[in-house]
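Here is data10.txt, consisting of compact mmCIF, C-alpha atoms and all ligand atoms:
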```
# COMPACT_ATOMS: atom_id res chain seq x y z
CA MET A 1 113.39 121.05 109.57
CA ASP A 2 116.42 119.38 107.95
CA LEU A 3 117.51 115.85 108.81
CA LYS A 4 120.17 117.00 111.26
CA ALA A 5 117.60 119.11 113.07
CA MET A 6 115.15 116.16 113.07
CA GLU A 7 117.85 113.96 114.53
CA LEU A 8 118.43 116.47 117.33
CA ASP A 9 114.70 116.90 117.82
CA LEU A 10 114.16 113.13 118.02
CA ASN A 11 117.02 112.70 120.45
CA SER A 12 115.73 115.49 122.64
CA LYS A 13 112.14 114.07 122.53
CA GLN A 14 113.38 110.65 123.52
CA GLY A 15 115.61 112.20 126.16
CA LYS A 16 112.59 113.85 127.76
CA GLU A 17 110.48 110.69 127.63
CA ASN A 18 113.17 108.51 129.07
CA GLY A 19 114.31 110.96 131.66
CA GLY A 20 117.93 111.20 130.58
CA GLU A 21 120.14 111.92 127.61
CA ALA A 22 122.34 108.88 128.03
CA GLU A 23 119.32 106.59 127.91
CA ALA A 24 117.91 108.42 124.90
CA GLU A 25 121.28 108.06 123.20
CA ALA A 26 121.19 104.32 123.76
CA LYS A 27 117.58 103.95 122.57
CA SER A 28 117.57 106.22 119.52
CA PRO A 29 117.70 104.28 116.26
CA LEU A 30 120.05 107.00 115.10
CA SER A 31 122.63 106.09 117.69
CA ARG A 32 122.11 102.33 117.66
CA GLY A 33 124.15 101.88 114.52
CA VAL A 34 122.14 102.55 111.42
CA PRO A 35 121.17 99.44 109.40
CA GLU A 36 122.28 99.58 105.78
CA GLY A 37 119.50 100.85 103.57
CA SER A 38 117.46 102.32 106.42
CA VAL A 39 116.47 106.00 106.43
CA HIS A 40 118.62 107.28 109.30
CA GLY A 41 117.72 104.19 111.28
CA PHE A 42 114.04 104.16 110.28
CA ASP A 43 112.31 101.70 107.96
CA SER A 44 111.09 104.49 105.71
CA LEU A 45 110.95 108.24 105.27
CA TYR A 46 107.30 108.12 106.34
CA ARG A 47 108.22 106.49 109.64
CA LEU A 48 111.03 108.96 110.20
CA LEU A 49 108.56 111.82 109.74
CA GLU A 50 105.99 110.13 111.97
CA ALA A 51 108.54 109.75 114.76
CA THR A 52 110.05 113.19 114.50
CA LEU A 53 107.31 115.67 113.55
CA ASN A 54 104.71 116.81 116.03
CA PRO A 55 101.41 114.95 115.36
CA GLU A 56 99.61 117.95 113.87
CA VAL A 57 102.45 118.75 111.51
CA PHE A 58 102.82 115.09 110.62
CA GLN A 59 99.12 114.81 109.74
CA GLU A 60 99.42 117.67 107.29
CA ALA A 61 102.68 116.29 105.83
CA SER A 62 101.00 112.92 105.46
CA ARG A 63 97.99 114.43 103.67
CA ILE A 64 100.31 116.03 101.15
CA LEU A 65 102.56 112.97 100.75
CA VAL A 66 100.04 110.13 100.49
CA GLY A 67 96.75 111.94 99.83
CA LEU A 68 93.30 111.29 101.19
CA ASN A 69 91.00 108.38 100.34
CA CYS A 70 87.32 109.40 100.20
CA GLY A 71 88.32 112.58 102.02
CA GLN A 72 90.02 110.78 104.90
CA SER A 73 93.45 109.55 105.90
CA LEU A 74 93.95 105.88 105.04
CA GLU A 75 92.86 103.73 107.91
CA ARG A 76 95.34 101.17 109.28
CA ILE A 77 93.90 97.71 109.87
CA LEU A 78 94.89 95.16 112.45
CA LEU A 79 96.00 91.75 111.21
CA PRO A 80 95.52 88.57 113.29
CA GLU A 81 97.83 87.90 116.21
CA HIS A 82 99.28 84.87 114.43
CA ALA A 83 100.41 87.04 111.51
CA ALA A 84 101.93 89.56 113.94
CA SER A 85 103.86 86.84 115.73
CA LEU A 86 105.21 85.53 112.40
CA SER A 87 106.44 89.02 111.51
CA THR A 88 108.19 89.36 114.88
CA LYS A 89 109.69 85.89 114.83
CA HIS A 90 110.96 86.14 111.25
CA ASP A 91 111.78 89.85 111.40
CA PHE A 92 109.77 91.17 108.48
CA ASP A 93 107.95 94.46 108.28
CA MET A 94 104.18 94.07 108.15
CA GLN A 95 101.63 96.82 107.64
CA ALA A 96 97.99 96.88 106.62
CA PHE A 97 95.61 99.56 105.35
CA ARG A 98 92.09 99.99 103.96
CA PHE A 99 91.08 101.90 100.81
CA ARG A 100 87.39 102.77 100.92
CA ALA A 101 84.97 103.69 98.13
CA ASP A 102 81.76 105.69 98.40
CA GLU A 103 78.61 103.73 99.15
CA GLU A 104 76.51 103.13 96.04
CA ALA A 105 72.75 102.68 95.80
CA LEU A 106 72.77 99.89 93.21
CA ARG A 107 76.03 97.99 93.79
CA GLN A 108 77.35 96.24 96.84
CA PRO A 109 80.95 97.08 97.87
CA ARG A 110 83.50 94.78 96.21
CA VAL A 111 86.22 94.56 98.83
CA VAL A 112 89.26 92.39 98.18
CA ARG A 113 92.27 91.95 100.44
CA VAL A 114 95.52 92.20 98.51
CA GLY A 115 99.09 91.48 99.63
CA LEU A 116 102.56 92.33 98.38
CA ILE A 117 105.76 90.61 99.52
CA GLN A 118 109.27 92.03 99.18
CA ASN A 119 112.24 89.84 100.04
CA SER A 120 116.00 89.70 100.17
CA ILE A 121 118.00 86.65 99.11
CA ALA A 122 118.67 84.15 101.90
CA LEU A 123 122.15 82.77 101.18
CA PRO A 124 125.30 84.25 99.64
CA THR A 125 125.34 84.11 95.83
CA THR A 126 128.30 81.71 96.10
CA ALA A 127 126.16 78.96 97.70
CA PRO A 128 125.02 76.03 95.52
CA PHE A 129 122.14 77.21 93.33
CA SER A 130 119.65 74.65 94.61
CA ASN A 131 120.40 75.66 98.22
CA GLN A 132 119.93 79.33 97.35
CA LYS A 133 116.54 78.66 95.80
CA LYS A 134 115.36 76.48 98.68
CA ALA A 135 116.54 79.05 101.24
CA ILE A 136 114.60 81.82 99.50
CA MET A 137 111.47 79.64 99.52
CA GLN A 138 111.95 79.00 103.24
CA ARG A 139 112.31 82.73 103.80
CA LEU A 140 109.10 83.42 101.87
CA LYS A 141 107.03 80.74 103.60
CA PRO A 142 106.30 82.60 106.90
CA MET A 143 105.47 85.77 104.97
CA ILE A 144 103.03 83.88 102.73
CA ASP A 145 101.59 82.18 105.81
CA ALA A 146 101.12 85.60 107.41
CA ALA A 147 99.27 86.74 104.27
CA GLY A 148 97.22 83.54 104.27
CA VAL A 149 96.14 83.73 107.92
CA SER A 150 95.31 87.41 107.37
CA GLY A 151 92.78 86.41 104.72
CA VAL A 152 94.65 87.88 101.75
CA ASN A 153 92.76 87.08 98.54
CA ILE A 154 95.39 88.05 95.98
CA LEU A 155 99.12 88.03 96.70
CA CYS A 156 101.95 89.18 94.45
CA LEU A 157 105.66 88.48 94.89
CA GLN A 158 108.57 90.55 93.53
CA GLU A 159 110.22 90.15 90.11
CA ALA A 160 112.33 86.95 89.86
CA TRP A 161 111.90 86.45 93.59
CA MET A 162 113.35 82.92 93.45
CA MET A 163 116.92 83.95 92.59
CA PRO A 164 119.53 86.64 93.07
CA PHE A 165 119.13 89.46 90.53
CA ALA A 166 122.28 88.32 88.76
CA PHE A 167 121.64 90.00 85.41
CA CYS A 168 124.22 92.66 86.25
CA THR A 169 126.97 90.05 85.81
CA ARG A 170 126.21 89.03 82.19
CA GLU A 171 127.37 85.53 83.21
CA LYS A 172 125.26 82.81 81.67
CA SER A 173 125.52 80.32 84.52
CA TRP A 174 122.68 82.16 86.30
CA CYS A 175 120.32 80.93 83.55
CA GLU A 176 120.21 77.71 85.55
CA PHE A 177 117.75 79.41 87.88
CA ALA A 178 115.16 79.55 85.06
CA GLU A 179 112.18 77.21 85.50
CA PRO A 180 109.22 76.04 83.43
CA ILE A 181 105.97 77.78 84.32
CA ASP A 182 104.86 74.70 86.26
CA GLY A 183 108.30 74.31 87.89
CA GLU A 184 109.56 74.22 91.46
CA SER A 185 108.46 77.67 92.61
CA THR A 186 105.03 77.43 90.97
CA GLN A 187 104.47 74.05 92.66
CA PHE A 188 105.54 75.51 96.00
CA LEU A 189 103.05 78.37 95.60
CA GLN A 190 100.25 76.19 94.21
CA ASP A 191 100.08 74.34 97.54
CA LEU A 192 99.85 77.63 99.42
CA ALA A 193 97.25 79.02 96.99
CA ARG A 194 95.06 75.96 97.66
CA LYS A 195 95.68 76.08 101.41
CA TYR A 196 94.70 79.75 101.73
CA ASN A 197 92.19 80.00 98.84
CA MET A 198 94.46 82.74 97.51
CA VAL A 199 95.37 83.89 93.99
CA ILE A 200 99.17 84.18 93.81
CA VAL A 201 101.16 86.08 91.18
CA ASN A 202 104.48 84.30 90.76
CA PRO A 203 107.10 86.31 88.84
CA ILE A 204 109.91 83.97 87.73
CA LEU A 205 112.71 83.56 85.26
CA GLU A 206 110.99 81.21 82.82
CA ARG A 207 112.61 78.56 80.62
CA ASP A 208 110.37 77.43 77.77
CA SER A 209 111.72 73.98 76.95
CA LYS A 210 108.99 73.35 74.38
CA HIS A 211 110.34 76.23 72.32
CA GLY A 212 114.08 75.58 72.21
CA GLU A 213 114.91 76.44 75.86
CA VAL A 214 114.06 80.11 75.33
CA ILE A 215 114.22 82.26 78.50
CA TRP A 216 111.64 84.86 79.49
CA ASN A 217 110.86 87.09 82.44
CA THR A 218 107.39 85.85 83.30
CA ALA A 219 104.59 86.19 85.81
CA VAL A 220 102.60 82.99 86.38
CA ILE A 221 99.07 83.61 87.67
CA ILE A 222 98.10 80.85 90.08
CA GLY A 223 94.37 80.64 90.75
CA ASN A 224 92.85 80.19 94.21
CA GLN A 225 92.33 76.48 93.49
CA GLY A 226 96.06 76.11 92.80
CA ASN A 227 95.45 76.02 89.04
CA ILE A 228 97.54 77.97 86.52
CA VAL A 229 95.28 80.69 85.13
CA GLY A 230 97.81 82.04 82.64
CA THR A 231 101.13 83.81 82.16
CA HIS A 232 102.41 87.20 81.15
CA ARG A 233 105.92 87.89 79.85
CA LYS A 234 107.70 91.19 80.57
CA ASN A 235 107.08 93.60 77.70
CA HIS A 236 109.90 96.11 78.10
CA ILE A 237 113.49 95.08 78.89
CA PRO A 238 115.91 97.60 80.45
CA ARG A 239 119.22 98.59 78.93
CA VAL A 240 120.24 100.99 81.68
CA GLY A 241 122.97 100.91 84.33
CA ASP A 242 123.79 97.35 85.37
CA PHE A 243 120.37 96.08 84.28
CA ASN A 244 121.82 93.89 81.53
CA GLU A 245 118.63 91.87 81.26
CA SER A 246 118.58 91.92 77.47
CA THR A 247 121.61 89.57 77.65
CA TYR A 248 119.31 86.94 79.13
CA TYR A 249 115.80 87.25 77.66
CA MET A 250 113.80 88.98 74.99
CA GLU A 251 110.77 91.28 75.03
CA GLY A 252 107.62 89.33 75.91
CA ASN A 253 105.14 88.02 73.37
CA THR A 254 101.99 87.83 75.48
CA GLY A 255 100.54 91.32 74.91
CA HIS A 256 98.61 92.88 77.79
CA PRO A 257 96.46 90.12 79.26
CA VAL A 258 94.03 90.75 82.07
CA PHE A 259 93.25 87.71 84.20
CA GLU A 260 89.72 87.42 85.48
CA THR A 261 89.95 85.76 88.90
CA CYS A 262 87.23 85.13 91.42
CA TYR A 263 88.45 88.22 93.30
CA GLY A 264 88.72 90.68 90.42
CA LYS A 265 90.46 91.47 87.14
CA ILE A 266 94.22 91.64 87.55
CA ALA A 267 97.23 92.29 85.31
CA VAL A 268 101.01 92.39 85.73
CA ASN A 269 103.29 95.14 84.45
CA ILE A 270 106.75 93.77 85.17
CA CYS A 271 109.35 96.24 86.49
CA TYR A 272 110.82 98.42 83.72
CA GLY A 273 107.39 98.41 82.02
CA ARG A 274 106.39 101.00 84.62
CA HIS A 275 108.30 103.67 82.70
CA HIS A 276 106.00 103.17 79.69
CA PRO A 277 102.63 104.91 80.04
CA LEU A 278 101.23 103.02 77.01
CA ASN A 279 102.00 99.73 78.75
CA TRP A 280 99.94 100.83 81.76
CA LEU A 281 97.22 102.09 79.42
CA ALA A 282 96.96 98.78 77.55
CA PHE A 283 96.25 96.85 80.77
CA GLY A 284 93.62 99.45 81.59
CA LEU A 285 91.99 99.22 78.16
CA ASN A 286 91.70 95.47 78.68
CA GLY A 287 89.79 96.13 81.88
CA ALA A 288 92.28 95.62 84.72
CA GLU A 289 91.11 96.63 88.19
CA ILE A 290 94.42 95.91 89.93
CA VAL A 291 97.79 96.00 88.16
CA PHE A 292 100.83 94.59 89.94
CA ASN A 293 104.30 95.94 89.27
CA PRO A 294 106.78 93.35 90.56
CA SER A 295 110.19 95.01 90.35
CA ALA A 296 113.89 94.90 91.11
CA THR A 297 115.50 98.31 91.15
CA VAL A 298 118.23 100.16 93.01
CA GLY A 299 118.31 103.46 94.86
CA GLU A 300 120.89 105.28 92.83
CA LEU A 301 119.04 104.62 89.59
CA SER A 302 115.34 105.00 90.23
CA GLU A 303 114.33 105.95 93.77
CA PRO A 304 112.97 109.42 92.86
CA MET A 305 110.78 107.79 90.17
CA TRP A 306 109.42 105.04 92.42
CA PRO A 307 106.73 106.98 94.33
CA ILE A 308 105.52 108.73 91.18
CA GLU A 309 105.14 106.38 88.23
CA ALA A 310 102.81 103.72 89.64
CA ARG A 311 100.74 106.31 91.45
CA ASN A 312 100.35 108.26 88.25
CA ALA A 313 99.34 105.08 86.41
CA ALA A 314 96.68 104.35 89.03
CA ILE A 315 95.27 107.85 88.59
CA ALA A 316 95.42 107.93 84.78
CA ASN A 317 93.90 104.47 84.35
CA SER A 318 91.42 104.42 87.25
CA TYR A 319 92.75 101.19 88.74
CA PHE A 320 94.72 100.10 91.80
CA VAL A 321 98.45 99.42 91.52
CA GLY A 322 100.56 97.21 93.79
CA SER A 323 104.27 98.08 93.47
CA ILE A 324 106.83 95.64 94.86
CA ASN A 325 110.58 96.08 94.96
CA ARG A 326 113.27 93.61 96.01
CA VAL A 327 115.27 94.49 99.12
CA GLY A 328 118.93 94.29 100.20
CA THR A 329 122.35 94.34 98.57
CA GLU A 330 123.43 91.27 96.57
CA THR A 331 127.14 90.67 96.07
CA PHE A 332 128.43 88.46 93.25
CA PRO A 333 131.60 86.37 93.10
CA ASN A 334 133.14 88.06 90.04
CA PRO A 335 133.41 91.82 89.68
CA PHE A 336 131.83 93.47 86.63
CA THR A 337 131.89 96.90 85.03
CA SER A 338 129.04 99.19 84.02
CA GLY A 339 130.61 100.40 80.79
CA ASP A 340 130.82 103.93 82.19
CA GLY A 341 134.55 104.15 82.93
CA LYS A 342 133.97 103.77 86.67
CA PRO A 343 135.77 101.04 88.68
CA GLN A 344 134.59 97.47 88.56
CA HIS A 345 132.32 96.34 91.40
CA SER A 346 130.63 93.20 92.68
CA ASP A 347 127.16 94.37 93.64
CA PHE A 348 124.20 96.02 91.98
CA GLY A 349 123.73 98.62 94.72
CA HIS A 350 120.94 98.62 97.30
CA PHE A 351 117.50 97.31 96.29
CA TYR A 352 115.37 99.69 98.29
CA GLY A 353 112.17 97.72 98.91
CA SER A 354 109.55 100.42 99.65
CA SER A 355 106.62 98.44 98.26
CA TYR A 356 103.31 100.31 98.28
CA PHE A 357 99.77 100.48 96.90
CA SER A 358 98.28 103.30 94.85
CA ALA A 359 94.58 103.94 94.34
CA PRO A 360 92.68 105.56 91.46
CA ASP A 361 91.74 108.53 93.67
CA ALA A 362 95.45 109.50 93.98
CA SER A 363 95.82 108.24 97.53
CA CYS A 364 98.50 105.70 98.33
CA THR A 365 99.75 103.73 101.30
CA PRO A 366 103.02 104.68 102.94
CA SER A 367 105.72 102.39 101.62
CA ILE A 368 106.99 99.51 103.75
CA SER A 369 110.59 99.05 104.79
CA ARG A 370 113.49 100.28 102.68
CA HIS A 371 115.84 97.64 104.07
CA ARG A 372 113.89 94.69 105.51
CA ASP A 373 111.72 91.96 104.07
CA GLY A 374 108.07 92.87 104.24
CA LEU A 375 104.42 92.09 103.73
CA LEU A 376 102.03 94.90 102.84
CA VAL A 377 98.32 94.17 102.99
CA SER A 378 95.48 96.36 101.86
CA ASP A 379 91.75 96.04 101.59
CA MET A 380 90.45 97.78 98.51
CA ASP A 381 86.90 98.35 97.39
CA LEU A 382 87.11 97.85 93.63
CA ASN A 383 84.01 100.03 93.18
CA LEU A 384 86.44 102.94 93.51
CA CYS A 385 87.68 102.28 89.94
CA ARG A 386 84.35 103.06 88.27
CA GLN A 387 83.61 105.86 90.72
CA LEU A 388 86.81 107.62 89.62
CA LYS A 389 86.00 106.99 85.94
CA ASP A 390 82.64 108.66 86.50
CA LYS A 391 84.17 111.55 88.45
CA TRP A 392 87.12 112.46 86.23
CA GLY A 393 86.03 110.95 82.90
CA PHE A 394 89.59 110.16 81.82
CA ARG A 395 88.41 107.35 79.53
CA MET A 396 85.69 109.48 77.99
CA THR A 397 87.99 112.45 77.37
CA ALA A 398 91.00 110.43 76.21
CA ARG A 399 90.60 111.12 72.46
CA TYR A 400 92.28 107.81 71.59
CA GLU A 401 91.64 108.36 67.86
CA LEU A 402 94.06 111.33 67.89
CA TYR A 403 96.82 109.14 69.27
CA ALA A 404 96.00 106.09 67.13
CA ASN A 405 96.39 108.33 64.14
CA LEU A 406 99.68 109.85 65.35
CA LEU A 407 101.14 106.46 66.26
CA SER A 408 100.23 104.87 62.95
CA ARG A 409 101.93 107.76 61.11
CA TYR A 410 104.93 107.67 63.50
CA LEU A 411 105.53 103.99 62.73
CA LYS A 412 105.92 104.64 59.01
CA PRO A 413 109.45 105.20 57.63
CA ASP A 414 108.39 108.47 55.95
CA PHE A 415 107.07 110.00 59.22
CA SER A 416 108.02 113.58 59.82
CA PRO A 417 107.32 115.29 63.15
CA GLN A 418 104.53 117.91 63.19
CA VAL A 419 106.64 120.99 63.85
CA ILE A 420 105.59 124.46 62.79
CA THR A 421 108.61 126.71 62.62
CA ASP A 422 108.39 130.40 63.42
CA PRO A 423 108.88 131.99 59.94
CA SER A 424 111.05 134.71 61.47
CA LEU A 425 113.58 132.00 62.43
CA GLN A 426 113.92 131.05 58.74
CA LYS A 427 114.42 134.69 57.70
CA ARG A 428 117.35 135.00 60.10
CA GLN A 429 119.21 132.02 58.58
N1 LIG A 501 114.24 94.81 86.62
C1 LIG A 501 114.17 95.90 85.90
O1 LIG A 501 113.54 95.94 84.85
N2 LIG A 501 114.86 96.97 86.37
C2 LIG A 501 115.11 98.13 85.60
C3 LIG A 501 115.43 99.29 86.44
C4 LIG A 501 114.25 100.15 86.69
O2 LIG A 501 113.30 100.14 85.91
O3 LIG A 501 114.25 100.87 87.68
```

Hey, can you dump this file as structure tokens for me?
Amino acid sequence: MDLKAMELDLNSKQGKENGGEAEAEAKSPLSRGVPEGSVHGFDSLYRLLEATLNPEVFQEASRILVGLNCGQSLERILLPEHAASLSTKHDFDMQAFRFRADEEALRQPRVVRVGLIQNSIALPTTAPFSNQKKAIMQRLKPMIDAAGVSGVNILCLQEAWMMPFAFCTREKSWCEFAEPIDGESTQFLQDLARKYNMVIVNPILERDSKHGEVIWNTAVIIGNQGNIVGTHRKNHIPRVGDFNESTYYMEGNTGHPVFETCYGKIAVNICYGRHHPLNWLAFGLNGAEIVFNPSATVGELSEPMWPIEARNAAIANSYFVGSINRVGTETFPNPFTSGDGKPQHSDFGHFYGSSYFSAPDASCTPSISRHRDGLLVSDMDLNLCRQLKDKWGFRMTARYELYANLLSRYLKPDFSPQVITDPSLQKRQ
């Protein structure tokens, strides 16, 4: 059924339920005025399908779209009433799921509760910088509280959550948002980490004053005691579309650290690093069980890639991935161009949210809202990582020596590609 047909189908279903077309018209999200960034009035494609397909058809569509975990559809879990009331009061999407693993004879399950938060900015980009930052923190607070009261053990925020994603502008004044790793936003989150006994991954724009005021794109890992466990700096910097991030900071110098926390071994692959399979691999080789991918990306550029890359990484590396994308459209005071001959513009396009989790067995959660702030929570039994290694043997069959050899030759100036030309092609020349 195409979207138009679904629209008609939905309207007719609602018409029947409500006993009249006029009422259905008024109640359908499609006729209520469609919020910018929504999928025909729905938070996500998944929810559109859920509302419009008949349940049997939807179940089969869902199996194909998000897979099965241990042979079953992912179970939704109920979060405490207090968390639900926070999500209603502050209008953020909130969903929760459970990834299971098979029972083992010799190991207990290792279940951790993990949360992802996606957020829009809270004030116009023309407001004083300190007000903008404070307003974003205020916006985050009820979402972090909802995670905390829901018993989330590890929480990750989106890339550079504490500022507008101003790197499209190439204006240097936005550097003022950069903070030291123990700066304002880390301090704000340290209190919450202590309060909720929660590990928090805090992706910020970092200013390293000890090294000549250098700026980095950094994730600060805050331990459950509020301590700073360590940092990781973004490895791969985009040079695509309006993502002019290389104007602001350089490629990171922290390698591929895995942070051993009391809840499990975690790593952070910041945004554009998700396009680099070797980046994902390196975190896996260092033993990550959950890799977070805090991101900021827009629909026109990357939406078809979004559901694929992290999910593929989770499969290939036998770990869980938490993917988080910023949400909303951010407009800047001065127009800029994209160097593509098209007219100047003042916004980046729509950041499409759609945060989700992927598991090593190829299942994933449905993504949360495409246009609203949101908290996604999932229980995950980390035993699933080794179970999938045993089942598929991707590590054992990886033949790393073949690739180490190719890469070391490729890096030499006298490298020539291994191409064997059909001799008949040469004869024809
Ligand atoms: N923030 C960032 O690295 N964005 C790049 C665009 C993309 O990777 O989709």

Considering all atoms listed in the file, tabulate each residue of chain A that lies at most 10 Å from ligand LIG 501 (chain A) along with its nearest interatomic pair and the corresponding distance in Å to one decimal; arrange the rows by chain and ascending residue number and present them as CSV.
```
residue,atom,partner,partner_atom,distance
A:Gln158,CA,A:LIG501,N1,9.9
A:Glu159,CA,A:LIG501,N1,7.1
A:Ala160,CA,A:LIG501,N1,8.7
A:Phe165,CA,A:LIG501,N1,8.2
A:Phe167,CA,A:LIG501,N1,8.9
A:Asn217,CA,A:LIG501,N1,9.4
A:Lys234,CA,A:LIG501,O1,8.7
A:Asn235,CA,A:LIG501,O1,9.9
A:His236,CA,A:LIG501,O1,7.7
A:Ile237,CA,A:LIG501,O1,6.0
A:Pro238,CA,A:LIG501,C2,5.2
A:Arg239,CA,A:LIG501,C2,7.8
A:Val240,CA,A:LIG501,C3,7.0
A:Gly241,CA,A:LIG501,C3,8.0
A:Asp242,CA,A:LIG501,C3,8.6
A:Phe243,CA,A:LIG501,C2,5.8
A:Asn244,CA,A:LIG501,C2,8.9
A:Glu245,CA,A:LIG501,O1,7.4
A:Ser246,CA,A:LIG501,O1,9.8
A:Ile270,CA,A:LIG501,O1,7.1
A:Cys271,CA,A:LIG501,O1,4.5
A:Tyr272,CA,A:LIG501,O2,3.7
A:Gly273,CA,A:LIG501,O1,7.2
A:Arg274,CA,A:LIG501,O2,7.1
A:His275,CA,A:LIG501,O2,6.9
A:Pro294,CA,A:LIG501,N1,8.6
A:Ser295,CA,A:LIG501,N1,5.5
A:Ala296,CA,A:LIG501,N1,4.5
A:Thr297,CA,A:LIG501,O3,4.5
A:Val298,CA,A:LIG501,O3,6.7
A:Gly299,CA,A:LIG501,O3,8.6
A:Glu300,CA,A:LIG501,O3,9.5
A:Leu301,CA,A:LIG501,O3,6.4
A:Ser302,CA,A:LIG501,O3,5.0
A:Glu303,CA,A:LIG501,O3,7.9
A:Met305,CA,A:LIG501,O3,8.1
A:Trp306,CA,A:LIG501,O3,7.9
A:Asn325,CA,A:LIG501,N1,9.2
A:Arg326,CA,A:LIG501,N1,9.5
A:Phe351,CA,A:LIG501,O3,9.9
```

What gap, in Å, lies between CA of Ile266 in chain A and CA of Phe394 in chain A?
->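 Taking CA of Ile266 in chain A and CA of Phe394 in chain A, their separation equals 19.9 Å.
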
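Of the listed residues A:Gln138, A:Thr218, A:Asn197, A:Ser338, the one whose atoms come nearest to Met250 in chain A is A:Thr218, with distances taken using all atoms listed in the file.
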
Rounded to one decimal place, report the CA of Leu425 in chain A-CA of Leu406 in chain A distance in Å.
->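 Pair CA of Leu425 in chain A / CA of Leu406 in chain A returns 26.3 Å.
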
Distance in Å - CA of Thr397 in chain A versus CA of Leu384 in chain A |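 Taking CA of Thr397 in chain A and CA of Leu384 in chain A, their separation equals 18.8 Å.
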